[in-house]
file protein.pdb (PDB, C-alpha atoms, pLDDT in the B column)
MODEL        1
ATOM      1  CA  MET A   1     -34.914  20.914 -10.404  1.00 67.00           C
ATOM      2  CA  GLN A   2     -32.773  18.450  -8.550  1.00 72.00           C
ATOM      3  CA  VAL A   3     -29.055  18.926  -8.446  1.00 72.00           C
ATOM      4  CA  ALA A   4     -27.168  15.682  -8.863  1.00 71.00           C
ATOM      5  CA  LYS A   5     -24.772  14.971  -6.058  1.00 76.00           C
ATOM      6  CA  ALA A   6     -21.237  14.319  -7.122  1.00 80.00           C
ATOM      7  CA  GLU A   7     -20.067  10.830  -6.368  1.00 86.00           C
ATOM      8  CA  PRO A   8     -17.232  10.676  -3.865  1.00 87.00           C
ATOM      9  CA  PRO A   9     -13.919   9.606  -5.351  1.00 92.00           C
ATOM     10  CA  SER A  10     -13.093   5.915  -5.249  1.00 95.00           C
ATOM     11  CA  TRP A  11     -10.480   4.624  -2.813  1.00 96.00           C
ATOM     12  CA  HIS A  12      -7.946   4.216  -5.618  1.00 96.00           C
ATOM     13  CA  GLU A  13      -8.513   7.795  -6.860  1.00 97.00           C
ATOM     14  CA  VAL A  14      -7.835   9.055  -3.330  1.00 97.00           C
ATOM     15  CA  VAL A  15      -4.608   7.025  -3.173  1.00 98.00           C
ATOM     16  CA  LEU A  16      -3.503   8.265  -6.606  1.00 97.00           C
ATOM     17  CA  ASP A  17      -4.069  11.938  -5.722  1.00 98.00           C
ATOM     18  CA  THR A  18      -2.424  11.612  -2.313  1.00 98.00           C
ATOM     19  CA  LEU A  19       0.677   9.943  -3.747  1.00 98.00           C
ATOM     20  CA  LYS A  20       0.985  12.768  -6.289  1.00 98.00           C
ATOM     21  CA  ARG A  21       0.579  15.504  -3.675  1.00 98.00           C
ATOM     22  CA  ASN A  22       3.384  13.886  -1.681  1.00 98.00           C
ATOM     23  CA  GLU A  23       5.698  13.552  -4.700  1.00 98.00           C
ATOM     24  CA  VAL A  24       5.667   9.758  -4.661  1.00 98.00           C
ATOM     25  CA  LYS A  25       6.586   9.074  -8.297  1.00 98.00           C
ATOM     26  CA  LEU A  26       7.839   5.486  -8.397  1.00 98.00           C
ATOM     27  CA  VAL A  27       5.415   2.637  -7.745  1.00 98.00           C
ATOM     28  CA  THR A  28       6.484  -0.985  -7.701  1.00 98.00           C
ATOM     29  CA  TYR A  29       4.069  -3.829  -7.229  1.00 97.00           C
ATOM     30  CA  VAL A  30       3.363  -7.503  -7.514  1.00 93.00           C
ATOM     31  CA  PRO A  31       0.070  -7.863  -9.418  1.00 91.00           C
ATOM     32  CA  ASP A  32      -3.004  -8.212  -7.216  1.00 89.00           C
ATOM     33  CA  ARG A  33      -6.668  -8.374  -8.193  1.00 89.00           C
ATOM     34  CA  VAL A  34      -7.827  -6.043  -5.399  1.00 91.00           C
ATOM     35  CA  LEU A  35      -5.215  -3.421  -6.296  1.00 95.00           C
ATOM     36  CA  THR A  36      -5.881  -3.642 -10.054  1.00 95.00           C
ATOM     37  CA  PRO A  37      -7.919  -0.390 -10.256  1.00 96.00           C
ATOM     38  CA  LEU A  38      -5.084   1.495  -8.532  1.00 97.00           C
ATOM     39  CA  ILE A  39      -2.390  -0.174 -10.644  1.00 97.00           C
ATOM     40  CA  GLU A  40      -4.264   0.648 -13.865  1.00 97.00           C
ATOM     41  CA  ALA A  41      -4.802   4.276 -12.782  1.00 97.00           C
ATOM     42  CA  ILE A  42      -1.116   4.677 -11.937  1.00 98.00           C
ATOM     43  CA  HIS A  43      -0.068   3.246 -15.305  1.00 98.00           C
ATOM     44  CA  ALA A  44      -2.487   5.610 -17.063  1.00 98.00           C
ATOM     45  CA  ASP A  45      -1.001   8.681 -15.341  1.00 98.00           C
ATOM     46  CA  ARG A  46       2.233  10.011 -16.882  1.00 97.00           C
ATOM     47  CA  TYR A  47       3.286  11.412 -13.498  1.00 98.00           C
ATOM     48  CA  PHE A  48       4.192   7.935 -12.262  1.00 98.00           C
ATOM     49  CA  THR A  49       6.810   5.409 -13.186  1.00 97.00           C
ATOM     50  CA  ALA A  50       5.307   2.037 -12.348  1.00 97.00           C
ATOM     51  CA  PHE A  51       6.178  -1.561 -13.007  1.00 94.00           C
ATOM     52  CA  ALA A  52       5.588  -5.048 -11.740  1.00 97.00           C
ATOM     53  CA  THR A  53       8.302  -7.009  -9.989  1.00 96.00           C
ATOM     54  CA  ALA A  54       8.663 -10.751  -9.598  1.00 95.00           C
ATOM     55  CA  ARG A  55       8.792 -10.594  -5.796  1.00 94.00           C
ATOM     56  CA  GLU A  56       8.093  -8.063  -3.075  1.00 94.00           C
ATOM     57  CA  GLU A  57      11.715  -8.105  -1.860  1.00 95.00           C
ATOM     58  CA  GLU A  58      12.827  -7.012  -5.334  1.00 96.00           C
ATOM     59  CA  ALA A  59      10.353  -4.116  -5.193  1.00 96.00           C
ATOM     60  CA  VAL A  60      11.720  -3.004  -1.809  1.00 96.00           C
ATOM     61  CA  GLY A  61      15.298  -3.086  -3.134  1.00 96.00           C
ATOM     62  CA  ILE A  62      14.320  -0.932  -6.111  1.00 97.00           C
ATOM     63  CA  LEU A  63      12.566   1.571  -3.856  1.00 97.00           C
ATOM     64  CA  ALA A  64      15.562   1.693  -1.506  1.00 97.00           C
ATOM     65  CA  GLY A  65      17.817   2.556  -4.435  1.00 97.00           C
ATOM     66  CA  ALA A  66      15.339   5.153  -5.679  1.00 97.00           C
ATOM     67  CA  TRP A  67      15.240   6.805  -2.236  1.00 97.00           C
ATOM     68  CA  MET A  68      19.039   6.928  -2.123  1.00 96.00           C
ATOM     69  CA  GLY A  69      18.883   8.578  -5.560  1.00 97.00           C
ATOM     70  CA  GLY A  70      16.398  11.206  -4.382  1.00 97.00           C
ATOM     71  CA  MET A  71      13.097   9.707  -5.536  1.00 97.00           C
ATOM     72  CA  ARG A  72      10.115   8.772  -3.372  1.00 98.00           C
ATOM     73  CA  GLY A  73       8.365   5.495  -4.008  1.00 98.00           C
ATOM     74  CA  ALA A  74       5.687   3.116  -2.817  1.00 98.00           C
ATOM     75  CA  ILE A  75       5.113  -0.622  -3.044  1.00 97.00           C
ATOM     76  CA  LEU A  76       1.721  -2.241  -3.628  1.00 97.00           C
ATOM     77  CA  MET A  77       1.171  -5.820  -2.486  1.00 95.00           C
ATOM     78  CA  GLN A  78      -1.331  -8.167  -0.918  1.00 90.00           C
ATOM     79  CA  THR A  79      -1.124  -9.746   2.515  1.00 88.00           C
ATOM     80  CA  SER A  80       0.478 -12.965   1.282  1.00 85.00           C
ATOM     81  CA  GLY A  81       3.258 -10.978  -0.396  1.00 85.00           C
ATOM     82  CA  PHE A  82       4.072  -9.394   2.918  1.00 85.00           C
ATOM     83  CA  ALA A  83       5.070 -12.818   4.244  1.00 85.00           C
ATOM     84  CA  THR A  84       8.314 -12.614   2.260  1.00 88.00           C
ATOM     85  CA  LEU A  85       9.393  -9.196   3.582  1.00 91.00           C
ATOM     86  CA  ALA A  86      10.606  -9.690   7.171  1.00 91.00           C
ATOM     87  CA  ASN A  87      14.258 -10.107   6.169  1.00 94.00           C
ATOM     88  CA  VAL A  88      14.446  -7.183   3.737  1.00 95.00           C
ATOM     89  CA  LEU A  89      12.637  -4.914   6.209  1.00 96.00           C
ATOM     90  CA  ALA A  90      14.911  -5.934   9.099  1.00 95.00           C
ATOM     91  CA  SER A  91      18.151  -5.857   7.104  1.00 96.00           C
ATOM     92  CA  LEU A  92      17.580  -2.954   4.691  1.00 96.00           C
ATOM     93  CA  ALA A  93      14.560  -0.675   5.090  1.00 96.00           C
ATOM     94  CA  VAL A  94      14.573  -0.267   8.882  1.00 96.00           C
ATOM     95  CA  PRO A  95      18.321  -0.032   9.688  1.00 96.00           C
ATOM     96  CA  TYR A  96      19.119   2.132   6.657  1.00 96.00           C
ATOM     97  CA  GLN A  97      16.149   4.410   7.356  1.00 96.00           C
ATOM     98  CA  ILE A  98      14.349   3.988   4.053  1.00 97.00           C
ATOM     99  CA  PRO A  99      10.912   5.650   4.182  1.00 97.00           C
ATOM    100  CA  LEU A 100       9.247   2.734   2.447  1.00 96.00           C
ATOM    101  CA  ILE A 101       5.539   3.347   1.776  1.00 97.00           C
ATOM    102  CA  MET A 102       3.768  -0.039   1.757  1.00 97.00           C
ATOM    103  CA  LEU A 103       0.144  -0.326   0.646  1.00 97.00           C
ATOM    104  CA  VAL A 104      -1.102  -3.814   1.460  1.00 95.00           C
ATOM    105  CA  SER A 105      -4.458  -5.159   0.303  1.00 92.00           C
ATOM    106  CA  GLU A 106      -5.681  -7.252   3.200  1.00 91.00           C
ATOM    107  CA  ARG A 107      -6.619 -10.854   2.620  1.00 80.00           C
ATOM    108  CA  GLY A 108      -7.213 -13.507   5.264  1.00 65.00           C
ATOM    109  CA  THR A 109     -10.262 -11.950   6.919  1.00 78.00           C
ATOM    110  CA  LEU A 110     -13.976 -11.536   6.301  1.00 75.00           C
ATOM    111  CA  GLY A 111     -14.808 -14.901   4.778  1.00 71.00           C
ATOM    112  CA  GLU A 112     -11.375 -15.771   3.398  1.00 71.00           C
ATOM    113  CA  PHE A 113     -11.285 -19.328   2.025  1.00 72.00           C
ATOM    114  CA  ASN A 114      -7.489 -19.683   1.823  1.00 73.00           C
ATOM    115  CA  TRP A 115      -5.906 -20.851   5.088  1.00 70.00           C
ATOM    116  CA  GLY A 116      -2.481 -19.532   4.018  1.00 75.00           C
ATOM    117  CA  GLN A 117      -3.891 -16.038   3.542  1.00 78.00           C
ATOM    118  CA  ALA A 118      -5.555 -16.180   6.958  1.00 76.00           C
ATOM    119  CA  LEU A 119      -2.336 -17.285   8.652  1.00 79.00           C
ATOM    120  CA  VAL A 120      -0.238 -14.535   7.066  1.00 80.00           C
ATOM    121  CA  CYS A 121      -2.897 -11.978   7.964  1.00 80.00           C
ATOM    122  CA  ARG A 122      -2.689 -13.049  11.615  1.00 85.00           C
ATOM    123  CA  THR A 123       1.095 -12.698  11.675  1.00 85.00           C
ATOM    124  CA  MET A 124       1.522  -9.523   9.599  1.00 90.00           C
ATOM    125  CA  ARG A 125       0.738  -6.936  12.271  1.00 91.00           C
ATOM    126  CA  PRO A 126       2.876  -8.596  14.992  1.00 92.00           C
ATOM    127  CA  VAL A 127       5.834  -8.798  12.564  1.00 92.00           C
ATOM    128  CA  LEU A 128       5.460  -5.125  11.649  1.00 94.00           C
ATOM    129  CA  GLU A 129       5.192  -4.203  15.316  1.00 95.00           C
ATOM    130  CA  SER A 130       8.321  -6.194  16.217  1.00 95.00           C
ATOM    131  CA  LEU A 131      10.233  -4.247  13.535  1.00 95.00           C
ATOM    132  CA  ALA A 132       8.857  -0.928  14.867  1.00 94.00           C
ATOM    133  CA  VAL A 133       7.156  -0.210  11.527  1.00 96.00           C
ATOM    134  CA  GLU A 134       4.314   2.287  11.825  1.00 95.00           C
ATOM    135  CA  THR A 135       1.120   0.531  10.749  1.00 96.00           C
ATOM    136  CA  HIS A 136      -2.394   1.730  10.054  1.00 97.00           C
ATOM    137  CA  THR A 137      -5.391  -0.275   8.904  1.00 96.00           C
ATOM    138  CA  VAL A 138      -7.717   1.790   6.744  1.00 97.00           C
ATOM    139  CA  THR A 139     -11.338   0.670   6.753  1.00 95.00           C
ATOM    140  CA  ARG A 140     -13.220   3.765   5.559  1.00 96.00           C
ATOM    141  CA  LEU A 141     -12.955   6.042   2.538  1.00 96.00           C
ATOM    142  CA  ASP A 142     -13.437   9.170   4.658  1.00 96.00           C
ATOM    143  CA  GLU A 143     -10.263   8.394   6.642  1.00 97.00           C
ATOM    144  CA  LEU A 144      -8.050   7.198   3.783  1.00 98.00           C
ATOM    145  CA  GLU A 145      -6.693  10.534   2.535  1.00 98.00           C
ATOM    146  CA  PHE A 146      -5.789  11.784   6.014  1.00 98.00           C
ATOM    147  CA  ILE A 147      -4.098   8.552   7.093  1.00 98.00           C
ATOM    148  CA  LEU A 148      -2.169   8.093   3.835  1.00 98.00           C
ATOM    149  CA  ASP A 149      -1.086  11.733   3.630  1.00 98.00           C
ATOM    150  CA  ARG A 150       0.118  11.864   7.237  1.00 98.00           C
ATOM    151  CA  SER A 151       1.776   8.451   6.988  1.00 97.00           C
ATOM    152  CA  ILE A 152       3.798   9.485   3.939  1.00 98.00           C
ATOM    153  CA  LYS A 153       4.848  12.735   5.610  1.00 98.00           C
ATOM    154  CA  GLN A 154       5.859  10.886   8.794  1.00 97.00           C
ATOM    155  CA  ALA A 155       7.770   8.207   6.862  1.00 97.00           C
ATOM    156  CA  VAL A 156       9.758  10.824   4.935  1.00 98.00           C
ATOM    157  CA  THR A 157      10.391  13.031   7.968  1.00 97.00           C
ATOM    158  CA  THR A 158      11.444  10.193  10.284  1.00 97.00           C
ATOM    159  CA  GLN A 159      13.010   8.139   7.464  1.00 97.00           C
ATOM    160  CA  ALA A 160      11.170   5.034   8.581  1.00 97.00           C
ATOM    161  CA  PRO A 161       8.922   2.558   6.754  1.00 97.00           C
ATOM    162  CA  VAL A 162       5.147   2.691   7.069  1.00 97.00           C
ATOM    163  CA  ALA A 163       2.516   0.096   6.213  1.00 97.00           C
ATOM    164  CA  LEU A 164      -1.050   0.948   5.284  1.00 97.00           C
ATOM    165  CA  ILE A 165      -3.229  -2.114   5.355  1.00 95.00           C
ATOM    166  CA  LEU A 166      -6.206  -1.594   3.069  1.00 96.00           C
ATOM    167  CA  SER A 167      -9.115  -3.482   4.608  1.00 94.00           C
ATOM    168  CA  PRO A 168     -11.705  -5.258   2.470  1.00 92.00           C
ATOM    169  CA  LEU A 169     -14.166  -2.870   4.146  1.00 91.00           C
ATOM    170  CA  LEU A 170     -12.457  -0.123   2.099  1.00 94.00           C
ATOM    171  CA  THR A 171     -11.549  -1.915  -1.137  1.00 91.00           C
ATOM    172  CA  GLY A 172     -14.339  -4.460  -1.387  1.00 84.00           C
ATOM    173  CA  GLY A 173     -11.723  -7.199  -1.114  1.00 80.00           C
ATOM    174  CA  LYS A 174     -11.353 -10.116  -3.453  1.00 74.00           C
ATOM    175  CA  VAL A 175     -14.635 -11.340  -4.847  1.00 68.00           C
ATOM    176  CA  PHE A 176     -15.063 -15.099  -4.521  1.00 64.00           C
ATOM    177  CA  LYS A 177     -17.323 -16.982  -6.879  1.00 61.00           C
ATOM    178  CA  ALA A 178     -19.370 -19.699  -5.254  1.00 57.00           C
TER     179      ALA A 178
ENDMDL
END

call {"tool": "encode", "arguments": {"input": "protein.pdb", "output": "structure tokens"}}
result
Amino acid sequence: MQVAKAEPPSWHEVVLDTLKRNEVKLVTYVPDRVLTPLIEAIHADRYFTAFATAREEEAVGILAGAWMGGMRGAILMQTSGFATLANVLASLAVPYQIPLIMLVSERGTLGEFNWGQALVCRTMRPVLESLAVETHTVTRLDELEFILDRSIKQAVTTQAPVALILSPLLTGGKVFKA
């Protein structure tokens, strides 16, 4: 008799469980195809309060207010959405020590067809570095839980933003139809 091996959890299940363990209850996002499984799982779980925003800066402002009110939150976005955040990070999240948890689905690499996505992808890490925002790129499922868990704990303890860039190697990226 063969014993069936349990399938490992998906990347979005790992994120969901890790957010819960770290008491991250509020999730704001701008809709993104790659993040859809995570967004749907968060909406299906009564633990979370989640909603879409019109722009990423709006989501950051909401999370800043939530933190000041005693609630932990995270923002979900794709690489191109990050392009709008330099000002709100430099003028709100960093100087006011908001432990903003950013989960960014990476576009602009690995066969990307959109030049704008590629350009933003090339500038995202240098912008984060110039703002002294801790950044980790997650490429493998077996490292996701550890990196996310420790990043949330560090962000809360140091009261500083953190960005987790979710590589297409982890998420499967956006599927392009030829």

call {"tool": "residues_near_point", "arguments": {"input": "protein.pdb", "point": "(-6.5, 6.7, -4.5)", "cutoff": "10 Å", "atoms": "all atoms listed in the file", "output": "list in words"}}
result
Pro9, Ser10, Trp11, His12, Glu13, Val14, Val15, Leu16, Asp17, Thr18, Leu19, Lys20, Pro37, Leu38, Ala41, Ile42, Leu141, Leu144, Glu145 and Leu148 of chain A

call {"tool": "write_last_selection", "arguments": {"input": "protein.pdb", "atoms": "C-alpha atoms", "output": "PDB file, keeping the file's coordinate frame"}}
result
ATOM      1  CA  PRO A   9     -13.919   9.606  -5.351  1.00 92.00           C
ATOM      2  CA  SER A  10     -13.093   5.915  -5.249  1.00 95.00           C
ATOM      3  CA  TRP A  11     -10.480   4.624  -2.813  1.00 96.00           C
ATOM      4  CA  HIS A  12      -7.946   4.216  -5.618  1.00 96.00           C
ATOM      5  CA  GLU A  13      -8.513   7.795  -6.860  1.00 97.00           C
ATOM      6  CA  VAL A  14      -7.835   9.055  -3.330  1.00 97.00           C
ATOM      7  CA  VAL A  15      -4.608   7.025  -3.173  1.00 98.00           C
ATOM      8  CA  LEU A  16      -3.503   8.265  -6.606  1.00 97.00           C
ATOM      9  CA  ASP A  17      -4.069  11.938  -5.722  1.00 98.00           C
ATOM     10  CA  THR A  18      -2.424  11.612  -2.313  1.00 98.00           C
ATOM     11  CA  LEU A  19       0.677   9.943  -3.747  1.00 98.00           C
ATOM     12  CA  LYS A  20       0.985  12.768  -6.289  1.00 98.00           C
ATOM     13  CA  PRO A  37      -7.919  -0.390 -10.256  1.00 96.00           C
ATOM     14  CA  LEU A  38      -5.084   1.495  -8.532  1.00 97.00           C
ATOM     15  CA  ALA A  41      -4.802   4.276 -12.782  1.00 97.00           C
ATOM     16  CA  ILE A  42      -1.116   4.677 -11.937  1.00 98.00           C
ATOM     17  CA  LEU A 141     -12.955   6.042   2.538  1.00 96.00           C
ATOM     18  CA  LEU A 144      -8.050   7.198   3.783  1.00 98.00           C
ATOM     19  CA  GLU A 145      -6.693  10.534   2.535  1.00 98.00           C
ATOM     20  CA  LEU A 148      -2.169   8.093   3.835  1.00 98.00           C
TER      21      LEU A 148
END

call {"tool": "residues_around", "arguments": {"input": "protein.pdb", "residues": "region 155-163 of chain A", "least_positions_apart": "6", "cutoff": "9 Å", "atoms": "all atoms listed in the file", "output": "list of chain:residue names"}}
result
A:Arg72, A:Leu89, A:Ala93, A:Val94, A:Pro95, A:Tyr96, A:Gln97, A:Ile98, A:Pro99, A:Leu100, A:Ile101, A:Met102, A:Leu103, A:Val104, A:Leu128, A:Ala132, A:Val133, A:Glu134, A:Thr135, A:His136, A:Thr137

call {"tool": "residues_around", "arguments": {"input": "protein.pdb", "residues": "Met77 (chain A)", "least_positions_apart": "6", "cutoff": "12 Å", "atoms": "all atoms listed in the file", "output": "mmCIF file with C-alpha atoms, in the frame of the given file"}}
result
data_model
loop_
_atom_site.group_PDB
_atom_site.id
_atom_site.type_symbol
_atom_site.label_atom_id
_atom_site.label_comp_id
_atom_site.auth_asym_id
_atom_site.auth_seq_id
_atom_site.Cartn_x
_atom_site.Cartn_y
_atom_site.Cartn_z
ATOM 1 C CA VAL A 27 5.415 2.637 -7.745
ATOM 2 C CA THR A 28 6.484 -0.985 -7.701
ATOM 3 C CA TYR A 29 4.069 -3.829 -7.229
ATOM 4 C CA VAL A 30 3.363 -7.503 -7.514
ATOM 5 C CA PRO A 31 0.070 -7.863 -9.418
ATOM 6 C CA ASP A 32 -3.004 -8.212 -7.216
ATOM 7 C CA ARG A 33 -6.668 -8.374 -8.193
ATOM 8 C CA VAL A 34 -7.827 -6.043 -5.399
ATOM 9 C CA LEU A 35 -5.215 -3.421 -6.296
ATOM 10 C CA THR A 36 -5.881 -3.642 -10.054
ATOM 11 C CA LEU A 38 -5.084 1.495 -8.532
ATOM 12 C CA ILE A 39 -2.390 -0.174 -10.644
ATOM 13 C CA ALA A 52 5.588 -5.048 -11.740
ATOM 14 C CA THR A 53 8.302 -7.009 -9.989
ATOM 15 C CA ALA A 54 8.663 -10.751 -9.598
ATOM 16 C CA ARG A 55 8.792 -10.594 -5.796
ATOM 17 C CA GLU A 56 8.093 -8.063 -3.075
ATOM 18 C CA GLU A 57 11.715 -8.105 -1.860
ATOM 19 C CA ALA A 59 10.353 -4.116 -5.193
ATOM 20 C CA VAL A 60 11.720 -3.004 -1.809
ATOM 21 C CA ALA A 83 5.070 -12.818 4.244
ATOM 22 C CA THR A 84 8.314 -12.614 2.260
ATOM 23 C CA LEU A 85 9.393 -9.196 3.582
ATOM 24 C CA ILE A 101 5.539 3.347 1.776
ATOM 25 C CA MET A 102 3.768 -0.039 1.757
ATOM 26 C CA LEU A 103 0.144 -0.326 0.646
ATOM 27 C CA VAL A 104 -1.102 -3.814 1.460
ATOM 28 C CA SER A 105 -4.458 -5.159 0.303
ATOM 29 C CA GLU A 106 -5.681 -7.252 3.200
ATOM 30 C CA ARG A 107 -6.619 -10.854 2.620
ATOM 31 C CA ALA A 163 2.516 0.096 6.213
ATOM 32 C CA LEU A 164 -1.050 0.948 5.284
ATOM 33 C CA ILE A 165 -3.229 -2.114 5.355
ATOM 34 C CA LEU A 166 -6.206 -1.594 3.069
#

call {"tool": "closest_residue", "arguments": {"input": "protein.pdb", "among": "A:Val3, A:Leu169, A:Leu131, A:Ala74", "to": "Leu110 (chain A)", "atoms": "all atoms listed in the file"}}
result
A:Leu169

call {"tool": "atom_distance", "arguments": {"input": "protein.pdb", "atom1": "CA of Ser80 (chain A)", "atom2": "CA of Glu129 (chain A)"}}
result
17.2 Å

call {"tool": "residues_near_point", "arguments": {"input": "protein.pdb", "point": "(3.4, 9.5, 1.5)", "cutoff": "6 Å", "atoms": "only C-alpha atoms", "output": "tab-separated table (two decimals) with C-alpha atoms, keeping the file's coordinate frame"}}
result
chain	number	residue	atom	x	y	z
A	19	LEU	CA	0.68	9.94	-3.75
A	22	ASN	CA	3.38	13.89	-1.68
A	149	ASP	CA	-1.09	11.73	3.63
A	151	SER	CA	1.78	8.45	6.99
A	152	ILE	CA	3.80	9.48	3.94
A	153	LYS	CA	4.85	12.74	5.61

call {"tool": "atom_distance", "arguments": {"input": "protein.pdb", "atom1": "CA of Glu40 (chain A)", "atom2": "CA of Lys25 (chain A)"}}
result
14.8 Å

call {"tool": "atom_distance", "arguments": {"input": "protein.pdb", "atom1": "CA of Val120 (chain A)", "atom2": "CA of Gln78 (chain A)"}}
result
10.3 Å

call {"tool": "build_atoms", "arguments": {"input": "protein.pdb", "residues": "region 81-94 of chain A", "atoms": "N, CA and C atoms", "output": "compact mmCIF listing (two decimals), in the frame of the given file"}}
result
# COMPACT_ATOMS: atom_id res chain seq x y z
N GLY A 81 1.96 -11.48 0.03
CA GLY A 81 3.26 -10.98 -0.40
C GLY A 81 4.07 -10.43 0.75
N PHE A 82 3.37 -9.92 1.75
CA PHE A 82 4.07 -9.39 2.92
C PHE A 82 4.87 -10.49 3.62
N ALA A 83 4.41 -11.72 3.53
CA ALA A 83 5.07 -12.82 4.24
C ALA A 83 6.54 -12.97 3.86
N THR A 84 6.93 -12.47 2.71
CA THR A 84 8.31 -12.61 2.26
C THR A 84 9.20 -11.44 2.69
N LEU A 85 8.66 -10.44 3.37
CA LEU A 85 9.39 -9.20 3.58
C LEU A 85 10.15 -9.04 4.90
N ALA A 86 9.98 -9.91 5.86
CA ALA A 86 10.61 -9.69 7.17
C ALA A 86 12.11 -9.45 7.06
N ASN A 87 12.81 -10.25 6.28
CA ASN A 87 14.26 -10.11 6.17
C ASN A 87 14.66 -8.79 5.53
N VAL A 88 14.05 -8.42 4.41
CA VAL A 88 14.45 -7.18 3.74
C VAL A 88 14.06 -5.95 4.56
N LEU A 89 12.98 -6.03 5.32
CA LEU A 89 12.64 -4.91 6.21
C LEU A 89 13.66 -4.80 7.33
N ALA A 90 14.00 -5.94 7.95
CA ALA A 90 14.91 -5.93 9.10
C ALA A 90 16.36 -5.66 8.71
N SER A 91 16.74 -6.02 7.48
CA SER A 91 18.15 -5.86 7.10
C SER A 91 18.42 -4.66 6.19
N LEU A 92 17.38 -4.08 5.61
CA LEU A 92 17.58 -2.95 4.69
C LEU A 92 16.74 -1.73 5.07
N ALA A 93 15.43 -1.85 4.95
CA ALA A 93 14.56 -0.68 5.09
C ALA A 93 14.63 -0.03 6.47
N VAL A 94 14.58 -0.84 7.53
CA VAL A 94 14.57 -0.27 8.88
C VAL A 94 15.96 0.26 9.27
